[in-house]
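This is work.csv (CSV, C-alpha atoms and all ligand atoms).
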chain,number,residue,atom,x,y,z
A,1,MET,CA,0.0,0.0,0.0
A,2,ALA,CA,1.1,3.5,-0.5
A,3,LEU,CA,0.6,7.0,0.7
A,4,GLU,CA,-0.8,8.8,-2.3
A,5,ARG,CA,-1.8,12.3,-3.3
A,6,THR,CA,-4.8,13.2,-5.5
A,7,LEU,CA,-6.1,16.4,-7.0
A,8,ILE,CA,-9.6,17.3,-5.8
A,9,LEU,CA,-11.7,20.2,-7.1
A,10,ALA,CA,-14.8,21.5,-5.4
A,11,LYS,CA,-16.5,22.5,-8.7
A,12,PRO,CA,-18.3,25.8,-9.4
A,13,ASP,CA,-21.7,24.3,-8.4
A,14,ALA,CA,-20.3,23.4,-4.9
A,15,VAL,CA,-18.9,26.9,-4.5
A,16,GLN,CA,-22.2,28.6,-5.6
A,17,ARG,CA,-24.2,26.3,-3.3
A,18,ARG,CA,-21.9,27.0,-0.3
A,19,LEU,CA,-21.1,23.3,0.0
A,20,VAL,CA,-17.3,23.6,0.0
A,21,GLY,CA,-17.1,23.3,3.8
A,22,ARG,CA,-19.2,20.2,3.9
A,23,ILE,CA,-17.1,18.6,1.2
A,24,VAL,CA,-13.8,19.4,3.0
A,25,THR,CA,-15.3,18.1,6.2
A,26,ARG,CA,-16.1,14.7,4.6
A,27,ILE,CA,-12.5,14.5,3.3
A,28,GLU,CA,-11.1,15.3,6.7
A,29,ASP,CA,-13.6,13.1,8.6
A,30,LYS,CA,-12.2,10.2,6.5
A,31,GLY,CA,-8.8,10.9,7.9
A,32,LEU,CA,-7.2,12.2,4.8
A,33,SER,CA,-4.9,15.2,4.9
A,34,LEU,CA,-5.1,18.4,3.0
A,35,VAL,CA,-1.6,19.3,1.7
A,36,GLY,CA,-2.6,22.1,-0.6
A,37,MET,CA,-5.6,24.3,-1.1
A,38,LYS,CA,-6.6,27.4,-3.1
A,39,MET,CA,-9.5,29.1,-4.8
A,40,LEU,CA,-9.1,30.0,-8.5
A,41,GLN,CA,-11.0,30.7,-11.7
A,42,VAL,CA,-10.6,27.9,-14.3
A,43,THR,CA,-9.9,29.5,-17.7
A,44,PRO,CA,-10.8,27.8,-21.0
A,45,GLU,CA,-7.1,27.0,-21.5
A,46,LEU,CA,-6.8,25.4,-18.1
A,47,SER,CA,-10.0,23.4,-18.7
A,48,ARG,CA,-8.6,22.0,-22.0
A,49,GLN,CA,-5.4,21.0,-20.2
A,50,HIS,CA,-7.3,19.4,-17.2
A,51,TYR,CA,-9.9,17.7,-19.3
A,52,ALA,CA,-7.5,16.7,-22.2
A,53,GLU,CA,-9.1,13.2,-22.4
A,54,HIS,CA,-12.6,14.8,-23.0
A,55,VAL,CA,-11.8,17.7,-25.3
A,56,ASN,CA,-13.1,15.9,-28.4
A,57,LYS,CA,-16.2,14.5,-26.7
A,58,PRO,CA,-19.7,15.9,-27.6
A,59,PHE,CA,-20.3,17.1,-24.0
A,60,TYR,CA,-16.9,19.0,-23.8
A,61,PRO,CA,-18.3,22.5,-24.7
A,62,ASP,CA,-20.9,22.1,-21.9
A,63,LEU,CA,-18.3,20.8,-19.5
A,64,GLU,CA,-16.0,23.8,-20.3
A,65,ALA,CA,-18.8,26.3,-19.9
A,66,PHE,CA,-19.6,24.7,-16.5
A,67,ILE,CA,-16.1,24.4,-15.1
A,68,THR,CA,-15.3,28.0,-16.1
A,69,SER,CA,-18.6,29.4,-14.8
A,70,GLY,CA,-17.3,30.5,-11.4
A,71,PRO,CA,-14.4,29.8,-9.0
A,72,VAL,CA,-13.4,26.4,-7.9
A,73,VAL,CA,-11.5,25.3,-4.8
A,74,ALA,CA,-8.5,23.1,-5.7
A,75,MET,CA,-7.1,20.7,-3.1
A,76,VAL,CA,-4.3,18.1,-2.9
A,77,VAL,CA,-5.4,15.4,-0.6
A,78,GLU,CA,-3.0,12.8,0.9
A,79,GLY,CA,-3.5,9.4,2.6
A,80,PRO,CA,-3.1,5.7,2.0
A,81,GLU,CA,-4.6,4.9,-1.4
A,82,ALA,CA,-6.0,8.4,-1.4
A,83,ILE,CA,-6.9,8.3,-5.1
A,84,ALA,CA,-9.2,5.3,-4.9
A,85,VAL,CA,-10.5,6.3,-1.4
A,86,MET,CA,-11.6,9.7,-2.8
A,87,ARG,CA,-13.2,8.1,-5.9
A,88,THR,CA,-15.3,5.9,-3.5
A,89,LEU,CA,-16.1,8.9,-1.3
A,90,MET,CA,-17.2,11.0,-4.4
A,91,GLY,CA,-19.5,8.4,-5.9
A,92,LYS,CA,-20.3,7.7,-9.5
A,93,THR,CA,-20.0,10.4,-12.2
A,94,ASN,CA,-23.8,10.7,-12.5
A,95,ALA,CA,-24.9,12.0,-9.2
A,96,ARG,CA,-28.4,10.5,-9.8
A,97,GLU,CA,-26.7,7.1,-9.8
A,98,SER,CA,-24.3,7.7,-6.9
A,99,ALA,CA,-25.0,5.8,-3.7
A,100,PRO,CA,-26.4,7.6,-0.7
A,101,GLY,CA,-23.5,8.3,1.7
A,102,THR,CA,-21.2,9.5,-1.1
A,103,ILE,CA,-20.6,13.2,-1.7
A,104,ARG,CA,-22.3,13.2,-5.1
A,105,GLY,CA,-25.0,10.8,-4.0
A,106,ASP,CA,-26.0,12.9,-1.0
A,107,LEU,CA,-25.6,16.4,-2.4
A,108,GLY,CA,-26.4,16.3,-6.1
A,109,ALA,CA,-28.7,15.1,-8.8
A,110,SER,CA,-26.8,15.9,-12.0
A,111,ARG,CA,-24.4,14.2,-14.3
A,112,GLN,CA,-22.6,17.4,-15.2
A,113,MET,CA,-23.0,19.5,-12.0
A,114,ASN,CA,-21.6,16.7,-9.8
A,115,LEU,CA,-19.8,18.9,-7.3
A,116,ILE,CA,-16.4,17.4,-7.1
A,117,HIS,CA,-13.5,16.3,-9.3
A,118,GLY,CA,-11.0,13.6,-8.2
A,119,SER,CA,-8.1,12.2,-10.1
A,120,ASP,CA,-8.8,8.7,-11.6
A,121,GLY,CA,-5.4,7.1,-11.3
A,122,PRO,CA,-1.7,7.8,-10.3
A,123,GLU,CA,-0.7,9.2,-13.7
A,124,ALA,CA,-3.7,11.6,-13.8
A,125,ALA,CA,-3.0,12.6,-10.2
A,126,LYS,CA,0.6,13.5,-10.9
A,127,ARG,CA,-0.4,15.5,-14.0
A,128,GLU,CA,-3.3,17.2,-12.4
A,129,ILE,CA,-1.5,18.2,-9.2
A,130,ALA,CA,1.3,19.7,-11.4
A,131,THR,CA,-1.4,21.5,-13.4
A,132,TYR,CA,-2.9,23.3,-10.4
A,133,PHE,CA,0.0,23.5,-7.8
A,134,ARG,CA,3.6,24.4,-7.7
A,135,GLU,CA,5.7,22.1,-5.5
A,136,ASN,CA,6.3,24.9,-2.9
A,137,GLU,CA,2.5,25.3,-2.5
A,138,LEU,CA,2.2,21.8,-1.1
A,139,VAL,CA,2.9,21.4,2.6
A,140,SER,CA,2.7,18.2,4.5
A,141,ALA,CA,1.7,18.6,8.2
A,142,PRO,CA,3.6,16.3,10.5
A,143,GLY,CA,1.5,13.1,10.8
A,144,MET,CA,1.0,13.2,14.5
A,145,LEU,CA,-2.4,11.5,14.2
A,146,ALA,CA,-1.3,8.8,11.7
A,147,ALA,CA,-0.8,6.2,14.4
A,148,ALA,CA,-4.5,6.5,15.3
A,149,LEU,CA,-5.8,6.5,11.7
A,150,TRP,CA,-4.0,3.6,10.1
A,151,ALA,CA,-1.3,1.0,10.6
A,152,LYS,CA,2.3,1.8,9.6
A,153,GLU,CA,2.3,-0.9,6.9
A,154,GLU,CA,-0.7,0.8,5.3
A,155,GLU,CA,1.3,3.9,4.5
B,1,LIG,P1,-15.5,11.9,-13.3
B,1,LIG,O1,-15.5,13.3,-12.9
B,1,LIG,O2,-16.4,11.0,-12.5
B,1,LIG,O3,-14.1,11.3,-13.4
B,1,LIG,P2,-15.5,11.9,-16.3
B,1,LIG,O4,-16.1,10.9,-17.1
B,1,LIG,O5,-14.0,12.1,-16.2
B,1,LIG,O6,-16.1,11.8,-14.8
B,1,LIG,O7,-16.1,13.3,-16.8
B,1,LIG,C1,-15.6,14.6,-16.4
B,1,LIG,C2,-16.7,15.5,-16.0
B,1,LIG,O8,-17.4,15.8,-17.2
B,1,LIG,C3,-17.8,14.9,-15.1
B,1,LIG,O9,-17.4,15.0,-13.7
B,1,LIG,C4,-19.0,15.7,-15.4
B,1,LIG,O10,-19.0,17.0,-14.8
B,1,LIG,C5,-18.8,15.9,-16.9
B,1,LIG,N1,-19.5,14.8,-17.7
B,1,LIG,C6,-19.2,13.5,-17.8
B,1,LIG,N2,-20.0,12.9,-18.7
B,1,LIG,C7,-20.9,13.8,-19.1
B,1,LIG,C8,-21.9,13.7,-20.1
B,1,LIG,O11,-22.2,12.7,-20.6
B,1,LIG,N3,-22.6,14.9,-20.2
B,1,LIG,C9,-22.3,16.1,-19.6
B,1,LIG,N4,-21.3,16.2,-18.8
B,1,LIG,C10,-20.6,15.1,-18.5
B,2,MG,MG,-12.5,11.8,-14.8
Represent the structure of the file as structure tokens.
Amino acid sequence: MALERTLILAKPDAVQRRLVGRIVTRIEDKGLSLVGMKMLQVTPELSRQHYAEHVNKPFYPDLEAFITSGPVVAMVVEGPEAIAVMRTLMGKTNARESAPGTIRGDLGASRQMNLIHGSDGPEAAKREIATYFRENELVSAPGMLAAALWAKEEE
């Protein structure tokens, strides 16, 4: 197992609906750590970089209009298997199909306005973290609570 980092966005719908605090609370309640956080406006250029895999899909123009419609809160989240843990915590892409108990399942009812982005694998996480953050913007707090959250061999 491995201590991983993943790129999370509270999307413009989450900011507009004042749900950022509740999303951050769910991440922290899970025992994951915030190692970077900032509010920013996604530009069309940044959207095309972030969503490179989707740029040629029919829904991309709508996705770009949505993700650039207002500020987002970008976070780097760290923990054992943080990438998969966050994908589970987020729920399925279509919030209507997301299980209750997940962020999307509890807080949304849209396939597009689904509140949160999370990297879908180690390569994407590396690329997306570098897209949003400089190395000196990421700060690991000493893991004083780690001994209560997971076993050493799980790091
Ligand atoms: P993910 O965010 O769960 O990884 P992706 O398939 O990577 O889902 O899609 C990226 C984002 O594009 C979604 O979170 C959602 O906001 C939007 N999206 C995905 N599929 C559709 C679609 O079919 N129509 C409109 N928007 C979509
Ligand atoms: Mg994705």
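With distances restricted to only C-alpha atoms and all ligand atoms, A:Tyr51 is the closest residue to ligand LIG 1 (chain B) from A:Tyr51, A:Glu137, A:Val76, A:Leu7.
Here atom CA of A:Ala151 is placed at a distance of 14.8 Å from atom CA of A:Lys30.
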(request) Identify, counting all atoms listed in the file, the protein, DNA and RNA residues located within 12 Å of ligand MG 2 (chain B), and give them as a PyMOL selection string. (result) chain A and resi 7-9+50-54+63+83+87+90-94+112+114+116-121+124-125+128
(request) Using all atoms listed in the file, pick whichever of A:Ile129, A:Ile27, A:Val20, A:Leu89 has the shortest atom-to-atom distance to ligand LIG 1 (chain B). (result) A:Leu89
(message) Let me make sure I understand: among A:Ser140, A:Thr88, A:Gln41, A:Thr131, which one has the smallest atom-to-atom distance to ligand LIG 1 (chain B) if we use only C-alpha atoms and all ligand atoms?
(response)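 When distances to ligand LIG 1 (chain B) are compared using only C-alpha atoms and all ligand atoms, the smallest one comes from A:Thr88.
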Assuming 5 Å of padding per side, give the centre and edge lengths of the axis-aligned box around every listed atom of stretch 132-143 of chain A, in Å to one decimal and as lines of an AutoDock Vina configuration file.
center_x = 1.7
center_y = 19.2
center_z = 0.2
size_x = 19.2
size_y = 22.2
size_z = 31.2
(request) Take atom CA of A:Arg134 and atom CA of A:Asp13 and report the distance between them in Å, one decimal. (result)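 For atom CA of A:Arg134 relative to atom CA of A:Asp13, the distance reads 25.3 Å.
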(message) One decimal, in Å: what's the spacing between atom CA of A:Glu97 and atom C1 of ligand LIG 1 (chain B)?
(response)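 These two atoms are separated by 14.9 Å.
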(message) Ranking A:Pro71, A:Ser33, A:Arg104, A:Pro61 by minimum distance to A:Glu4 and counting all atoms listed in the file, which one comes first?
(response)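 Ranking A:Pro71, A:Ser33, A:Arg104, A:Pro61 by distance to A:Glu4, first place goes to A:Ser33.
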(message) From the options A:Leu46, A:Val139, A:Glu78, A:Asp62, which residue's atoms come nearest to ligand LIG 1 (chain B), counting all atoms listed in the file?
(response) A:Asp62
(message) Between A:Gly79, A:Ser69, A:Pro44, A:Val15, which residue has the minimum interatomic distance to A:Ala141, considering all atoms listed in the file?
(response)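 Of A:Gly79, A:Ser69, A:Pro44, A:Val15, the one nearest A:Ala141, counting all atoms listed in the file, is A:Gly79.
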(message) Is it possible to get the residues within 9 Å of (-18.8, 26.6, -10.3) (coordinates as in the file, counting only C-alpha atoms) written as a list in words?
(response) Ala10, Lys11, Pro12, Asp13, Ala14, Val15, Gln16, Arg17, Gln41, Phe66, Ile67, Thr68, Ser69, Gly70, Pro71, Val72, Met113 and Leu115 of chain A
Kindly export the residues of the current selection with C-alpha atoms, as a CSV table (one decimal), in the coordinates of the input.
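For reference, out13.csv as written:
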chain,number,residue,atom,x,y,z
A,10,ALA,CA,-14.8,21.5,-5.4
A,11,LYS,CA,-16.5,22.5,-8.7
A,12,PRO,CA,-18.3,25.8,-9.4
A,13,ASP,CA,-21.7,24.3,-8.4
A,14,ALA,CA,-20.3,23.4,-4.9
A,15,VAL,CA,-18.9,26.9,-4.5
A,16,GLN,CA,-22.2,28.6,-5.6
A,17,ARG,CA,-24.2,26.3,-3.3
A,41,GLN,CA,-11.0,30.7,-11.7
A,66,PHE,CA,-19.6,24.7,-16.5
A,67,ILE,CA,-16.1,24.4,-15.1
A,68,THR,CA,-15.3,28.0,-16.1
A,69,SER,CA,-18.6,29.4,-14.8
A,70,GLY,CA,-17.3,30.5,-11.4
A,71,PRO,CA,-14.4,29.8,-9.0
A,72,VAL,CA,-13.4,26.4,-7.9
A,113,MET,CA,-23.0,19.5,-12.0
A,115,LEU,CA,-19.8,18.9,-7.3
(request) Determine, counting all atoms listed in the file, which protein, DNA and RNA residues have an atom within 10 Å of an atom of A:Arg48; residues of the same chain fewer than 6 positions away are not included. Present the result as a PyMOL selection string. (result) chain A and resi 42+54-56+60+64
